[in-house]
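Have a look at run_15.pdb; it's PDB, C-alpha atoms:
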ATOM      1  CA  MET A  13      68.961  50.853  36.582
ATOM      2  CA  ALA A  14      66.868  53.219  34.512
ATOM      3  CA  ALA A  15      68.137  51.713  31.308
ATOM      4  CA  THR A  16      67.330  48.280  32.622
ATOM      5  CA  VAL A  17      63.851  49.355  33.521
ATOM      6  CA  VAL A  18      63.259  50.884  30.116
ATOM      7  CA  LEU A  19      64.500  47.765  28.401
ATOM      8  CA  GLY A  20      62.246  45.694  30.578
ATOM      9  CA  VAL A  21      59.228  47.759  29.582
ATOM     10  CA  ILE A  22      60.102  47.522  25.903
ATOM     11  CA  ALA A  23      60.468  43.778  26.197
ATOM     12  CA  TYR A  24      57.115  43.423  27.949
ATOM     13  CA  ARG A  25      54.848  45.647  25.818
ATOM     14  CA  PRO A  26      54.577  43.390  22.754
ATOM     15  CA  SER A  27      53.008  40.616  24.808
ATOM     16  CA  VAL A  28      50.515  43.068  26.280
ATOM     17  CA  ASP A  29      49.669  44.435  22.828
ATOM     18  CA  SER A  30      49.348  40.903  21.486
ATOM     19  CA  ALA A  31      46.951  39.915  24.284
ATOM     20  CA  GLU A  32      44.846  43.041  23.783
ATOM     21  CA  SER A  33      44.748  42.459  20.020
ATOM     22  CA  ALA A  34      43.695  38.837  20.484
ATOM     23  CA  LYS A  35      40.956  39.917  22.889
ATOM     24  CA  LYS A  36      39.684  42.518  20.429
ATOM     25  CA  GLN A  37      39.626  39.926  17.642
ATOM     26  CA  THR A  38      37.743  37.534  19.886
ATOM     27  CA  ASP A  39      35.238  40.234  20.817
ATOM     28  CA  VAL A  40      34.748  41.193  17.158
ATOM     29  CA  ALA A  41      34.271  37.539  16.170
ATOM     30  CA  ALA A  42      31.742  37.058  18.962
ATOM     31  CA  SER A  43      29.911  40.226  17.939
ATOM     32  CA  GLU A  44      29.815  39.126  14.296
ATOM     33  CA  ALA A  45      28.637  35.631  15.276
ATOM     34  CA  SER A  46      25.796  37.100  17.331
ATOM     35  CA  ARG A  47      24.545  38.878  14.225
ATOM     36  CA  LEU A  48      24.476  35.711  12.111
ATOM     37  CA  PRO A  49      21.036  34.081  11.792
ATOM     38  CA  ASN A  50      20.471  30.938  13.826
ATOM     39  CA  LEU A  51      17.346  29.391  12.352
ATOM     40  CA  GLN A  52      15.725  26.532  14.261
ATOM     41  CA  VAL A  53      12.580  24.511  13.490
ATOM     42  CA  MET A  54      10.344  24.617  16.560
ATOM     43  CA  ARG A  55       7.250  22.748  15.337
ATOM     44  CA  THR A  56       5.823  21.148  12.187
ATOM     45  CA  LEU A  57       2.160  20.357  11.564
ATOM     46  CA  ALA A  58       0.322  18.820   8.613
ATOM     47  CA  TYR A  59      -3.398  19.187   7.950
ATOM     48  CA  LEU A  60      -6.119  19.968   5.409
ATOM     49  CA  LYS A  61      -7.390  23.538   5.167
ATOM     50  CA  ASP A  62      -9.988  25.246   2.976
ATOM     51  CA  ASP A  63      -8.069  28.342   1.862
ATOM     52  CA  LEU A  64      -7.029  27.318  -1.660
ATOM     53  CA  SER A  65      -8.246  28.480  -5.049
ATOM     54  CA  GLY A  66      -8.864  26.472  -8.197
ATOM     55  CA  THR A  67     -11.546  25.539 -10.724
ATOM     56  CA  TYR A  68     -14.571  23.275 -11.036
ATOM     57  CA  THR A  69     -15.381  21.696 -14.382
ATOM     58  CA  TYR A  70     -18.633  19.818 -15.060
ATOM     59  CA  GLY A  71     -18.324  17.598 -18.102
ATOM     60  CA  LEU A  72     -17.758  19.774 -21.147
ATOM     61  CA  ASP A  73     -18.795  22.981 -19.398
ATOM     62  CA  LYS A  74     -16.428  25.926 -19.120
ATOM     63  CA  PRO A  75     -14.280  25.767 -15.934
ATOM     64  CA  GLU A  76     -15.547  27.908 -13.064
ATOM     65  CA  LYS A  77     -13.168  29.632 -10.661
ATOM     66  CA  GLN A  78     -13.528  28.501  -7.072
ATOM     67  CA  SER A  79     -12.135  29.520  -3.698
ATOM     68  CA  GLY A  80     -12.251  27.828  -0.319
ATOM     69  CA  LEU A  81     -10.963  24.505  -1.655
ATOM     70  CA  ARG A  82      -9.350  22.100   0.784
ATOM     71  CA  GLY A  83      -5.870  20.703   0.336
ATOM     72  CA  PRO A  84      -2.790  19.465   2.216
ATOM     73  CA  HIS A  85      -0.738  22.031   4.140
ATOM     74  CA  ILE A  86       2.689  21.729   5.777
ATOM     75  CA  ASP A  87       3.035  24.320   8.541
ATOM     76  CA  VAL A  88       6.558  24.952   9.887
ATOM     77  CA  THR A  89       7.266  27.282  12.830
ATOM     78  CA  PHE A  90      10.790  28.735  12.971
ATOM     79  CA  GLU A  91      12.708  30.562  15.652
ATOM     80  CA  ASN A  92      15.676  32.776  14.758
ATOM     81  CA  ARG A  93      17.836  33.050  17.868
ATOM     82  CA  ALA A  94      20.152  35.789  16.654
ATOM     83  CA  ASN A  95      20.542  39.541  16.215
ATOM     84  CA  GLY A  96      20.257  39.333  12.433
ATOM     85  CA  PRO A  97      17.317  38.259  10.230
ATOM     86  CA  ALA A  98      17.243  34.845   8.531
ATOM     87  CA  LEU A  99      16.105  34.535   4.917
ATOM     88  CA  ILE A 100      14.729  31.296   3.448
ATOM     89  CA  THR A 101      15.323  31.379  -0.306
ATOM     90  CA  LYS A 102      14.296  27.931  -1.546
ATOM     91  CA  ALA A 103      11.908  25.150  -0.553
ATOM     92  CA  SER A 104      11.962  21.598  -1.889
ATOM     93  CA  LEU A 105       9.754  18.572  -1.326
ATOM     94  CA  LYS A 106      11.335  15.195  -1.938
ATOM     95  CA  PHE A 107       8.635  12.537  -2.027
ATOM     96  CA  ARG A 108       9.557   9.071  -0.828
ATOM     97  CA  GLU A 109       6.232   7.672  -1.961
ATOM     98  CA  MET A 110       2.781   8.699  -3.133
ATOM     99  CA  GLY A 111      -0.363   7.109  -4.448
ATOM    100  CA  HIS A 112      -4.133   6.933  -4.035
ATOM    101  CA  VAL A 113      -6.111   5.530  -1.127
ATOM    102  CA  GLU A 114      -8.588   2.827  -2.091
ATOM    103  CA  THR A 115     -12.126   3.996  -1.342
ATOM    104  CA  CYS A 116     -13.538   0.539  -1.996
ATOM    105  CA  GLY A 117     -16.486   1.581  -4.151
ATOM    106  CA  ALA A 118     -17.373   2.836  -7.604
ATOM    107  CA  VAL A 119     -15.728   6.175  -8.396
ATOM    108  CA  GLY A 120     -16.668   8.374 -11.319
ATOM    109  CA  GLY A 121     -18.664  11.327 -12.525
ATOM    110  CA  ASP A 122     -18.318  14.433 -14.653
ATOM    111  CA  LEU A 123     -16.933  16.705 -11.918
ATOM    112  CA  GLU A 124     -13.278  17.648 -12.175
ATOM    113  CA  ILE A 125     -11.606  19.823  -9.531
ATOM    114  CA  SER A 126      -8.260  21.518 -10.114
ATOM    115  CA  VAL A 127      -6.446  23.108  -7.146
ATOM    116  CA  ASN A 128      -3.690  25.729  -7.175
ATOM    117  CA  TYR A 129      -0.865  24.450  -4.949
ATOM    118  CA  ASP A 130       2.578  25.841  -4.160
ATOM    119  CA  PHE A 131       3.940  22.461  -5.212
ATOM    120  CA  PRO A 132       1.483  20.816  -7.636
ATOM    121  CA  ILE A 133       1.849  17.092  -8.322
ATOM    122  CA  PRO A 134       1.318  16.275 -12.012
ATOM    123  CA  HIS A 135      -1.177  13.807 -13.455
ATOM    124  CA  PRO A 136      -0.576  10.923 -13.867
ATOM    125  CA  LEU A 137       1.320  10.637 -10.600
ATOM    126  CA  PRO A 138       5.102  10.611 -11.111
ATOM    127  CA  SER A 139       7.383   7.812 -10.027
ATOM    128  CA  VAL A 140       9.241   8.223  -6.740
ATOM    129  CA  PRO A 141      11.552   9.516  -5.448
ATOM    130  CA  TYR A 142      10.109  12.736  -6.861
ATOM    131  CA  LEU A 143      11.600  16.173  -6.228
ATOM    132  CA  THR A 144       9.706  19.434  -6.644
ATOM    133  CA  GLU A 145      11.269  22.768  -5.691
ATOM    134  CA  LYS A 146      10.536  26.473  -5.710
ATOM    135  CA  ASP A 147      12.414  29.710  -5.055
ATOM    136  CA  ILE A 148      10.792  31.660  -2.227
ATOM    137  CA  SER A 149      11.572  34.669  -0.046
ATOM    138  CA  PHE A 150      10.590  34.226   3.594
ATOM    139  CA  GLN A 151      12.297  36.195   6.344
ATOM    140  CA  VAL A 152      12.374  35.380  10.054
ATOM    141  CA  GLY A 153      13.309  38.513  11.971
ATOM    142  CA  THR A 154      15.807  39.021  14.752
ATOM    143  CA  ASN A 155      14.938  36.872  17.781
ATOM    144  CA  GLU A 156      11.484  36.151  16.346
ATOM    145  CA  LEU A 157       9.115  33.245  15.764
ATOM    146  CA  ASP A 158       7.383  32.924  12.399
ATOM    147  CA  ARG A 159       5.408  30.345  10.416
ATOM    148  CA  LEU A 160       5.911  29.188   6.844
ATOM    149  CA  THR A 161       3.086  27.262   5.177
ATOM    150  CA  LEU A 162       3.589  25.156   2.047
ATOM    151  CA  THR A 163       0.791  23.482   0.084
ATOM    152  CA  THR A 164       1.050  20.450  -2.157
ATOM    153  CA  GLY A 165      -1.174  17.891  -3.802
ATOM    154  CA  PRO A 166      -2.278  16.583  -7.205
ATOM    155  CA  GLU A 167      -3.264  19.244  -9.725
ATOM    156  CA  THR A 168      -6.511  17.375 -10.359
ATOM    157  CA  VAL A 169      -8.540  15.933  -7.480
ATOM    158  CA  ALA A 170      -9.476  12.336  -8.237
ATOM    159  CA  GLY A 171     -12.278  10.358  -6.632
ATOM    160  CA  ARG A 172      -9.770   8.546  -4.434
ATOM    161  CA  PRO A 173      -7.779  10.596  -1.907
ATOM    162  CA  TRP A 174      -4.112  11.116  -2.741
ATOM    163  CA  TYR A 175      -1.403  10.460  -0.175
ATOM    164  CA  GLY A 176       2.286  11.327  -0.103
ATOM    165  CA  VAL A 177       5.297  11.063   2.209
ATOM    166  CA  ALA A 178       7.911  13.790   1.712
ATOM    167  CA  ASP A 179      10.978  15.350   3.258
ATOM    168  CA  VAL A 180      10.936  19.166   3.296
ATOM    169  CA  ILE A 181      14.259  20.855   2.500
ATOM    170  CA  LEU A 182      14.565  24.576   3.233
ATOM    171  CA  GLU A 183      17.626  26.538   2.089
ATOM    172  CA  HIS A 184      18.544  29.767   3.858
ATOM    173  CA  ASP A 185      21.305  32.308   4.395
ATOM    174  CA  GLY A 186      23.896  31.379   1.809
ATOM    175  CA  GLY A 187      23.262  27.677   1.335
ATOM    176  CA  LYS A 188      22.443  26.460   4.847
ATOM    177  CA  LYS A 189      19.753  23.774   4.937
ATOM    178  CA  GLN A 190      17.011  22.718   7.326
ATOM    179  CA  VAL A 191      15.425  19.318   6.657
ATOM    180  CA  VAL A 192      11.971  18.650   8.098
ATOM    181  CA  GLY A 193      10.124  15.382   8.012
ATOM    182  CA  PRO A 194       9.227  12.974   6.757
ATOM    183  CA  VAL A 195       5.730  14.433   6.507
ATOM    184  CA  ALA A 196       2.800  12.151   5.620
ATOM    185  CA  LEU A 197      -0.070  13.904   3.826
ATOM    186  CA  ILE A 198      -3.509  13.027   2.533
ATOM    187  CA  ASP A 199      -6.122  14.979   0.573
ATOM    188  CA  THR A 200      -9.909  14.732   0.579
ATOM    189  CA  GLY A 201     -10.588  13.009  -2.709
ATOM    190  CA  SER A 202     -14.043  13.526  -4.206
ATOM    191  CA  ASP A 203     -15.848  10.270  -3.414
ATOM    192  CA  GLU A 204     -19.221  10.956  -1.794
ATOM    193  CA  HIS A 205     -19.009   7.616   0.035
ATOM    194  CA  PHE A 206     -15.503   8.069   1.451
ATOM    195  CA  TYR A 207     -14.423  11.494   2.705
ATOM    196  CA  PRO A 208     -13.311  13.375   5.827
ATOM    197  CA  ASP A 209     -15.945  14.898   8.111
ATOM    198  CA  PHE A 210     -14.155  17.936   9.509
ATOM    199  CA  ASP A 211     -16.809  18.746  12.103
ATOM    200  CA  GLN A 212     -16.531  15.309  13.683
ATOM    201  CA  ASP A 213     -12.793  14.793  13.070
ATOM    202  CA  ARG A 214     -13.495  11.434  11.438
ATOM    203  CA  TRP A 215     -14.104   9.958   7.999
ATOM    204  CA  VAL A 216     -17.435   9.059   6.457
ATOM    205  CA  ILE A 217     -17.063   5.546   5.018
ATOM    206  CA  ASN A 218     -20.244   4.185   3.435
ATOM    207  CA  VAL A 219     -18.867   1.075   1.740
ATOM    208  CA  ASP A 220     -18.696  -2.549   2.895
ATOM    209  CA  ASP A 221     -15.922  -4.199   0.874
ATOM    210  CA  ARG A 222     -14.084  -5.650   3.834
ATOM    211  CA  ALA A 223     -11.061  -6.929   1.938
ATOM    212  CA  CYS A 224     -10.564  -3.529   0.321
ATOM    213  CA  LEU A 225     -11.064  -1.624   3.560
ATOM    214  CA  GLN A 226      -8.486  -3.871   5.226
ATOM    215  CA  ARG A 227      -5.977  -2.928   2.527
ATOM    216  CA  THR A 228      -6.707   0.734   3.186
ATOM    217  CA  ALA A 229      -6.274   0.170   6.926
ATOM    218  CA  ASP A 230      -2.954  -1.584   6.310
ATOM    219  CA  LEU A 231      -1.778   1.324   4.133
ATOM    220  CA  THR A 232      -2.612   3.953   6.752
ATOM    221  CA  SER A 233      -0.938   1.896   9.477
ATOM    222  CA  ARG A 234       2.216   1.598   7.380
ATOM    223  CA  LEU A 235       2.324   5.322   6.641
ATOM    224  CA  LEU A 236       1.851   6.204  10.295
ATOM    225  CA  SER A 237       4.633   3.819  11.326
ATOM    226  CA  THR A 238       7.227   5.573   9.126
ATOM    227  CA  PRO A 239      10.169   6.361  11.457
ATOM    228  CA  GLY A 240      10.063   9.968  12.644
ATOM    229  CA  VAL A 241       6.911  10.715  10.654
ATOM    230  CA  ILE A 242       4.933  13.944  11.076
ATOM    231  CA  ALA A 243       1.473  12.798  10.055
ATOM    232  CA  ALA A 244      -1.441  14.899   8.888
ATOM    233  CA  LYS A 245      -4.233  14.932  11.450
ATOM    234  CA  GLU A 246      -6.684  13.659   8.791
ATOM    235  CA  LEU A 247      -4.462  10.647   8.090
ATOM    236  CA  LYS A 248      -4.551   9.865  11.805
ATOM    237  CA  SER A 249      -8.328  10.281  11.919
ATOM    238  CA  LEU A 250      -8.734   7.961   8.902
ATOM    239  CA  ARG A 251      -6.828   5.262  10.737
ATOM    240  CA  GLU A 252      -8.920   5.844  13.880
ATOM    241  CA  THR A 253     -12.159   5.649  11.873
ATOM    242  CA  LEU A 254     -11.087   2.379  10.244
ATOM    243  CA  ASN A 255     -10.078   1.049  13.645
ATOM    244  CA  GLY A 256     -13.552   1.923  14.957
ATOM    245  CA  LEU A 257     -15.014  -0.126  12.113
ATOM    246  CA  GLY A 258     -12.964  -3.135  13.138
ATOM    247  CA  TYR A 259      -9.968  -2.846  10.804
TER     248      TYR A 259
END
Would you write out, as C-alpha coordinates, the structure that this file holds?
Amino acid sequence: MAATVVLGVIAYRPSVDSAESAKKQTDVAASEASRLPNLQVMRTLAYLKDDLSGTYTYGLDKPEKQSGLRGPHIDVTFENRANGPALITKASLKFREMGHVETCGAVGGDLEISVNYDFPIPHPLPSVPYLTEKDISFQVGTNELDRLTLTTGPETVAGRPWYGVADVILEHDGGKKQVVGPVALIDTGSDEHFYPDFDQDRWVINVDDRACLQRTADLTSRLLSTPGVIAAKELKSLRETLNGLGY
(Lines of atoms letter the chains of each structure in order from A and count residues from 1; the text may use other names and numbers.)
(Lines give C-alpha, C1' and ligand atoms only; values in the text may rest on other atoms or scores of the structure.)
Protein backbone atom coordinates (compact mmCIF):
# COMPACT_ATOMS: atom_id res chain seq x y z
CA MET A 1 0.00 0.00 0.00
CA ALA A 2 2.84 2.34 0.84
CA ALA A 3 4.40 1.85 -2.55
CA THR A 4 1.07 2.55 -4.16
CA VAL A 5 0.68 5.71 -2.17
CA VAL A 6 4.15 6.90 -3.07
CA LEU A 7 3.53 6.22 -6.73
CA GLY A 8 0.28 8.08 -6.51
CA VAL A 9 2.01 11.12 -5.05
CA ILE A 10 4.70 11.04 -7.72
CA ALA A 11 2.07 10.83 -10.42
CA TYR A 12 0.13 13.76 -8.98
CA ARG A 13 2.90 16.29 -8.26
CA PRO A 14 3.67 17.31 -11.85
CA SER A 15 0.13 18.57 -12.37
CA VAL A 16 0.34 20.57 -9.15
CA ASP A 17 3.71 22.04 -10.16
CA SER A 18 2.35 22.82 -13.61
CA ALA A 19 -0.67 24.64 -12.16
CA GLU A 20 1.50 26.63 -9.75
CA SER A 21 3.91 27.53 -12.56
CA ALA A 22 1.06 28.66 -14.81
CA LYS A 23 -0.35 30.78 -11.99
CA LYS A 24 3.03 32.39 -11.37
CA GLN A 25 3.40 33.16 -15.07
CA THR A 26 -0.07 34.67 -15.12
CA ASP A 27 0.70 36.78 -12.06
CA VAL A 28 4.00 37.96 -13.57
CA ALA A 29 2.29 38.83 -16.86
CA ALA A 30 -0.42 40.75 -15.01
CA SER A 31 2.20 42.58 -12.95
CA GLU A 32 4.18 43.48 -16.07
CA ALA A 33 1.02 44.62 -17.88
CA SER A 34 0.10 46.89 -14.97
CA ARG A 35 3.43 48.66 -15.38
CA LEU A 36 2.93 49.34 -19.09
CA PRO A 37 1.68 52.85 -19.91
CA ASN A 38 -1.97 53.15 -20.89
CA LEU A 39 -2.26 56.59 -22.44
CA GLN A 40 -5.75 57.94 -23.10
CA VAL A 41 -6.88 61.28 -24.56
CA MET A 42 -9.37 62.83 -22.14
CA ARG A 43 -10.06 66.20 -23.78
CA THR A 44 -8.94 68.33 -26.73
CA LEU A 45 -9.43 72.08 -27.08
CA ALA A 46 -8.47 74.57 -29.78
CA TYR A 47 -8.18 78.32 -29.27
CA LEU A 48 -6.10 81.46 -29.81
CA LYS A 49 -3.74 82.56 -27.05
CA ASP A 50 -1.30 85.46 -26.70
CA ASP A 51 1.79 83.65 -25.41
CA LEU A 52 3.87 83.42 -28.60
CA SER A 53 7.01 85.24 -29.65
CA GLY A 54 7.97 86.60 -33.05
CA THR A 55 8.92 89.80 -34.89
CA TYR A 56 7.30 92.94 -36.26
CA THR A 57 8.66 94.51 -39.42
CA TYR A 58 7.54 97.93 -40.70
CA GLY A 59 8.39 98.37 -44.35
CA LEU A 60 12.15 98.33 -44.74
CA ASP A 61 12.83 98.81 -41.03
CA LYS A 62 14.84 96.28 -39.06
CA PRO A 63 12.62 93.53 -37.53
CA GLU A 64 11.73 94.06 -33.88
CA LYS A 65 11.35 91.15 -31.48
CA GLN A 66 7.89 90.82 -29.99
CA SER A 67 6.22 88.70 -27.33
CA GLY A 68 2.57 88.21 -26.44
CA LEU A 69 1.55 87.41 -30.02
CA ARG A 70 -1.65 85.46 -30.57
CA GLY A 71 -1.81 82.23 -32.52
CA PRO A 72 -3.65 78.90 -32.80
CA HIS A 73 -3.15 76.36 -30.01
CA ILE A 74 -4.16 72.69 -29.80
CA ASP A 75 -4.48 71.64 -26.16
CA VAL A 76 -4.64 67.88 -25.45
CA THR A 77 -5.22 66.46 -21.96
CA PHE A 78 -3.95 62.91 -21.39
CA GLU A 79 -4.52 60.38 -18.65
CA ASN A 80 -2.04 57.55 -18.07
CA ARG A 81 -3.91 54.78 -16.28
CA ALA A 82 -0.93 52.62 -15.39
CA ASN A 83 1.90 52.12 -12.91
CA GLY A 84 4.55 53.19 -15.41
CA PRO A 85 5.13 56.58 -17.10
CA ALA A 86 4.15 57.19 -20.74
CA LEU A 87 6.50 59.06 -23.06
CA ILE A 88 5.31 60.89 -26.19
CA THR A 89 8.23 61.08 -28.61
CA LYS A 90 6.77 62.53 -31.81
CA ALA A 91 3.92 64.80 -32.86
CA SER A 92 2.60 65.22 -36.39
CA LEU A 93 -0.08 67.43 -37.92
CA LYS A 94 -1.64 66.19 -41.14
CA PHE A 95 -3.64 68.99 -42.72
CA ARG A 96 -6.70 68.03 -44.73
CA GLU A 97 -7.17 71.59 -45.92
CA MET A 98 -6.04 75.15 -45.28
CA GLY A 99 -6.49 78.58 -46.76
CA HIS A 100 -7.37 82.18 -45.97
CA VAL A 101 -10.69 83.59 -44.83
CA GLU A 102 -12.05 86.36 -47.04
CA THR A 103 -12.27 89.60 -45.07
CA CYS A 104 -14.22 91.30 -47.84
CA GLY A 105 -12.29 94.57 -47.90
CA ALA A 106 -9.00 96.08 -48.99
CA VAL A 107 -6.02 94.45 -47.26
CA GLY A 108 -2.51 95.86 -47.29
CA GLY A 109 0.08 97.89 -45.48
CA ASP A 110 3.74 97.83 -44.55
CA LEU A 111 3.36 95.79 -41.35
CA GLU A 112 4.62 92.22 -41.44
CA ILE A 113 4.27 89.92 -38.43
CA SER A 114 6.22 86.68 -38.11
CA VAL A 115 5.27 84.21 -35.35
CA ASN A 116 7.35 81.38 -33.88
CA TYR A 117 5.19 78.23 -33.93
CA ASP A 118 5.93 74.63 -32.98
CA PHE A 119 4.67 73.70 -36.44
CA PRO A 120 5.10 76.69 -38.78
CA ILE A 121 3.21 76.67 -42.08
CA PRO A 122 5.36 78.00 -44.94
CA HIS A 123 4.52 80.87 -47.28
CA PRO A 124 3.01 80.52 -49.82
CA LEU A 125 0.62 78.01 -48.30
CA PRO A 126 1.44 74.42 -49.31
CA SER A 127 -0.93 72.12 -51.13
CA VAL A 128 -2.88 69.61 -49.06
CA PRO A 129 -2.72 67.01 -47.68
CA TYR A 130 0.27 68.54 -45.89
CA LEU A 131 2.23 66.76 -43.16
CA THR A 132 4.45 68.52 -40.64
CA GLU A 133 6.11 66.62 -37.80
CA LYS A 134 8.47 67.14 -34.89
CA ASP A 135 10.33 64.99 -32.37
CA ILE A 136 9.30 65.89 -28.82
CA SER A 137 9.74 64.51 -25.31
CA PHE A 138 6.62 64.74 -23.16
CA GLN A 139 6.07 62.40 -20.24
CA VAL A 140 2.78 61.60 -18.51
CA GLY A 141 3.51 60.12 -15.10
CA THR A 142 2.08 57.08 -13.40
CA ASN A 143 -1.70 57.42 -12.94
CA GLU A 144 -1.52 61.13 -13.79
CA LEU A 145 -3.28 63.72 -15.93
CA ASP A 146 -1.19 66.13 -18.00
CA ARG A 147 -1.64 68.61 -20.85
CA LEU A 148 0.33 68.92 -24.07
CA THR A 149 -0.04 72.12 -26.08
CA LEU A 150 0.98 72.39 -29.74
CA THR A 151 1.01 75.62 -31.76
CA THR A 152 0.72 76.00 -35.51
CA GLY A 153 0.00 78.65 -38.08
CA PRO A 154 1.55 80.50 -41.03
CA GLU A 155 5.05 81.84 -40.45
CA THR A 156 3.90 85.25 -41.69
CA VAL A 157 0.57 86.71 -40.59
CA ALA A 158 -1.34 87.98 -43.62
CA GLY A 159 -4.17 90.49 -43.60
CA ARG A 160 -6.70 87.69 -44.01
CA PRO A 161 -6.99 85.11 -41.22
CA TRP A 162 -5.59 81.67 -42.00
CA TYR A 163 -7.60 78.53 -41.34
CA GLY A 164 -6.64 74.86 -41.29
CA VAL A 165 -8.17 71.46 -40.56
CA ALA A 166 -5.70 68.86 -39.28
CA ASP A 167 -5.46 65.46 -37.66
CA VAL A 168 -2.99 65.28 -34.76
CA ILE A 169 -0.89 62.11 -34.57
CA LEU A 170 1.04 61.46 -31.36
CA GLU A 171 3.55 58.60 -31.15
CA HIS A 172 4.46 57.16 -27.75
CA ASP A 173 6.06 54.21 -25.98
CA GLY A 174 7.70 52.27 -28.78
CA GLY A 175 5.55 53.18 -31.76
CA LYS A 176 2.03 53.33 -30.30
CA LYS A 177 -0.12 56.08 -31.80
CA GLN A 178 -2.93 58.32 -30.60
CA VAL A 179 -4.85 60.20 -33.30
CA VAL A 180 -6.78 63.31 -32.28
CA GLY A 181 -9.08 65.31 -34.48
CA PRO A 182 -9.83 66.57 -36.93
CA VAL A 183 -9.12 69.96 -35.37
CA ALA A 184 -10.30 73.13 -37.14
CA LEU A 185 -8.17 76.21 -36.45
CA ILE A 186 -8.19 79.89 -37.32
CA ASP A 187 -5.77 82.74 -36.64
CA THR A 188 -6.40 86.45 -36.15
CA GLY A 189 -5.16 87.89 -39.41
CA SER A 190 -4.12 91.54 -39.36
CA ASP A 191 -7.06 93.32 -41.00
CA GLU A 192 -8.23 96.24 -38.86
CA HIS A 193 -11.76 95.84 -40.26
CA PHE A 194 -12.09 92.10 -39.63
CA TYR A 195 -10.65 90.60 -36.45
CA PRO A 196 -11.61 88.76 -33.25
CA ASP A 197 -12.63 90.78 -30.19
CA PHE A 198 -11.47 88.58 -27.33
CA ASP A 199 -13.19 90.59 -24.61
CA GLN A 200 -16.59 90.18 -26.25
CA ASP A 201 -16.02 86.68 -27.68
CA ARG A 202 -17.09 87.89 -31.12
CA TRP A 203 -15.56 89.27 -34.31
CA VAL A 204 -15.41 92.90 -35.38
CA ILE A 205 -16.59 93.02 -39.00
CA ASN A 206 -16.69 96.53 -40.47
CA VAL A 207 -17.30 95.70 -44.13
CA ASP A 208 -20.51 95.49 -46.16
CA ASP A 209 -19.75 93.29 -49.17
CA ARG A 210 -22.69 90.96 -48.71
CA ALA A 211 -21.75 88.47 -51.40
CA CYS A 212 -18.25 88.13 -49.96
CA LEU A 213 -19.48 87.85 -46.38
CA GLN A 214 -21.88 85.11 -47.47
CA ARG A 215 -18.95 83.17 -48.91
CA THR A 216 -17.13 83.54 -45.61
CA ALA A 217 -20.23 82.38 -43.74
CA ASP A 218 -20.52 79.36 -46.03
CA LEU A 219 -16.85 78.50 -45.43
CA THR A 220 -17.18 78.63 -41.64
CA SER A 221 -20.35 76.54 -41.76
CA ARG A 222 -18.60 73.91 -43.87
CA LEU A 223 -15.60 73.76 -41.55
CA LEU A 224 -17.80 73.42 -38.49
CA SER A 225 -19.80 70.62 -40.12
CA THR A 226 -16.69 68.44 -40.65
CA PRO A 227 -17.56 65.04 -39.10
CA GLY A 228 -16.09 64.70 -35.61
CA VAL A 229 -14.50 68.15 -35.75
CA ILE A 230 -12.94 69.82 -32.70
CA ALA A 231 -13.35 73.48 -33.61
CA ALA A 232 -11.45 76.45 -32.25
CA LYS A 233 -13.68 78.65 -30.11
CA GLU A 234 -12.83 81.66 -32.32
CA LEU A 235 -14.01 79.80 -35.43
CA LYS A 236 -17.30 79.16 -33.65
CA SER A 237 -17.57 82.80 -32.60
CA LEU A 238 -16.90 83.95 -36.18
CA ARG A 239 -19.80 81.86 -37.39
CA GLU A 240 -22.02 83.22 -34.59
CA THR A 241 -21.04 86.81 -35.44
CA LEU A 242 -21.84 86.28 -39.12
CA ASN A 243 -25.12 84.66 -38.15
CA GLY A 244 -25.95 87.73 -36.05
CA LEU A 245 -25.35 89.86 -39.14
CA GLY A 246 -27.84 87.81 -41.11
CA TYR A 247 -25.55 85.35 -42.90
Expanded to explicit residues, what is the PyMOL selection byres ((chain A and resi 92) around 9) for this file, as a PyMOL selection string? chain A and resi 49-53+90-91+93-98+152-158
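Relative to CA of Leu57 (chain A), CA of Asp87 (chain A) is found at 5.1 Å.
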Could you pull out every residue with an atom within 10 Å of (-13.5, 17.7, -1.5), file coordinates, counting only C-alpha atoms, and send them as an MDAnalysis selection string? chainID A and resid 62 81:83 125 169:171 173 199:204 207:208
Would you translate the PyMOL selection byres ((chain A and resi 132) around 8) into the concrete set of residues it matches in this file, as an MDAnalysis selection string? chainID A and resid 128:131 133:134 164:167
Just say which residues the PyMOL selection byres ((chain A and resi 237-241) around 10) picks in this file, as a list in words. Val177, Ala178, Asp179, Val192, Gly193, Pro194, Val195, Ala196, Leu231, Thr232, Ser233, Arg234, Leu235, Leu236, Ile242, Ala243 and Ala244 of chain A
Looking at A:Pro75, A:Pro84, A:Gly66, A:Gly256, which one is nearest to Thr161 (chain A), with distances taken over only C-alpha atoms? A:Pro84
Selected residue of minimal separation from His184 (chain A) among A:Asp147, A:Asp213, A:Glu124, A:Glu246, counting all atoms listed in the file: A:Asp147
Nearest to Gln151 (chain A): which of A:Leu137, A:Ala229, A:Ile100, A:Leu64 is it, counting only C-alpha atoms? A:Ile100
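One distance worth recording is that between CA of Ser126 (chain A) and CA of Tyr175 (chain A), which is 16.4 Å.
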Step by step, gather every atom of region 233-236 of chain A that the file lists, find the box along x, y and z that holds them, add 3 Å on each side, and finally give centre and edge lengths in Å to one decimal, as AutoDock Vina command-line options.
--center_x 0.7 --center_y 3.9 --center_z 8.5 --size_x 9.3 --size_y 10.6 --size_z 9.7
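With distances restricted to all atoms listed in the file, A:Leu197 is the closest residue to Ile86 (chain A) from A:Cys116, A:Leu99, A:Val127, A:Leu197.
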What does the structure give for the distance between CA of Val88 (chain A) and CA of Glu114 (chain A), in Å to one decimal? 29.4 Å
Near Asp221 (chain A), within 10 Å and counting all atoms listed in the file, which residues show up once chain neighbours fewer than 5 positions away are dropped, as a list in words? Thr115, Cys116, Gly117 and Gln226 of chain A
Given only C-alpha atoms as the basis, pick out the residue of A:Thr89, A:Thr101, A:Ser139, A:Thr69 nearest to Leu123 (chain A). A:Thr69
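Ranking A:Gly176, A:Ile181, A:Arg222, A:Lys74 by their shortest atom-to-atom distance to Leu247 (chain A), with all atoms listed in the file included, puts A:Gly176 first.
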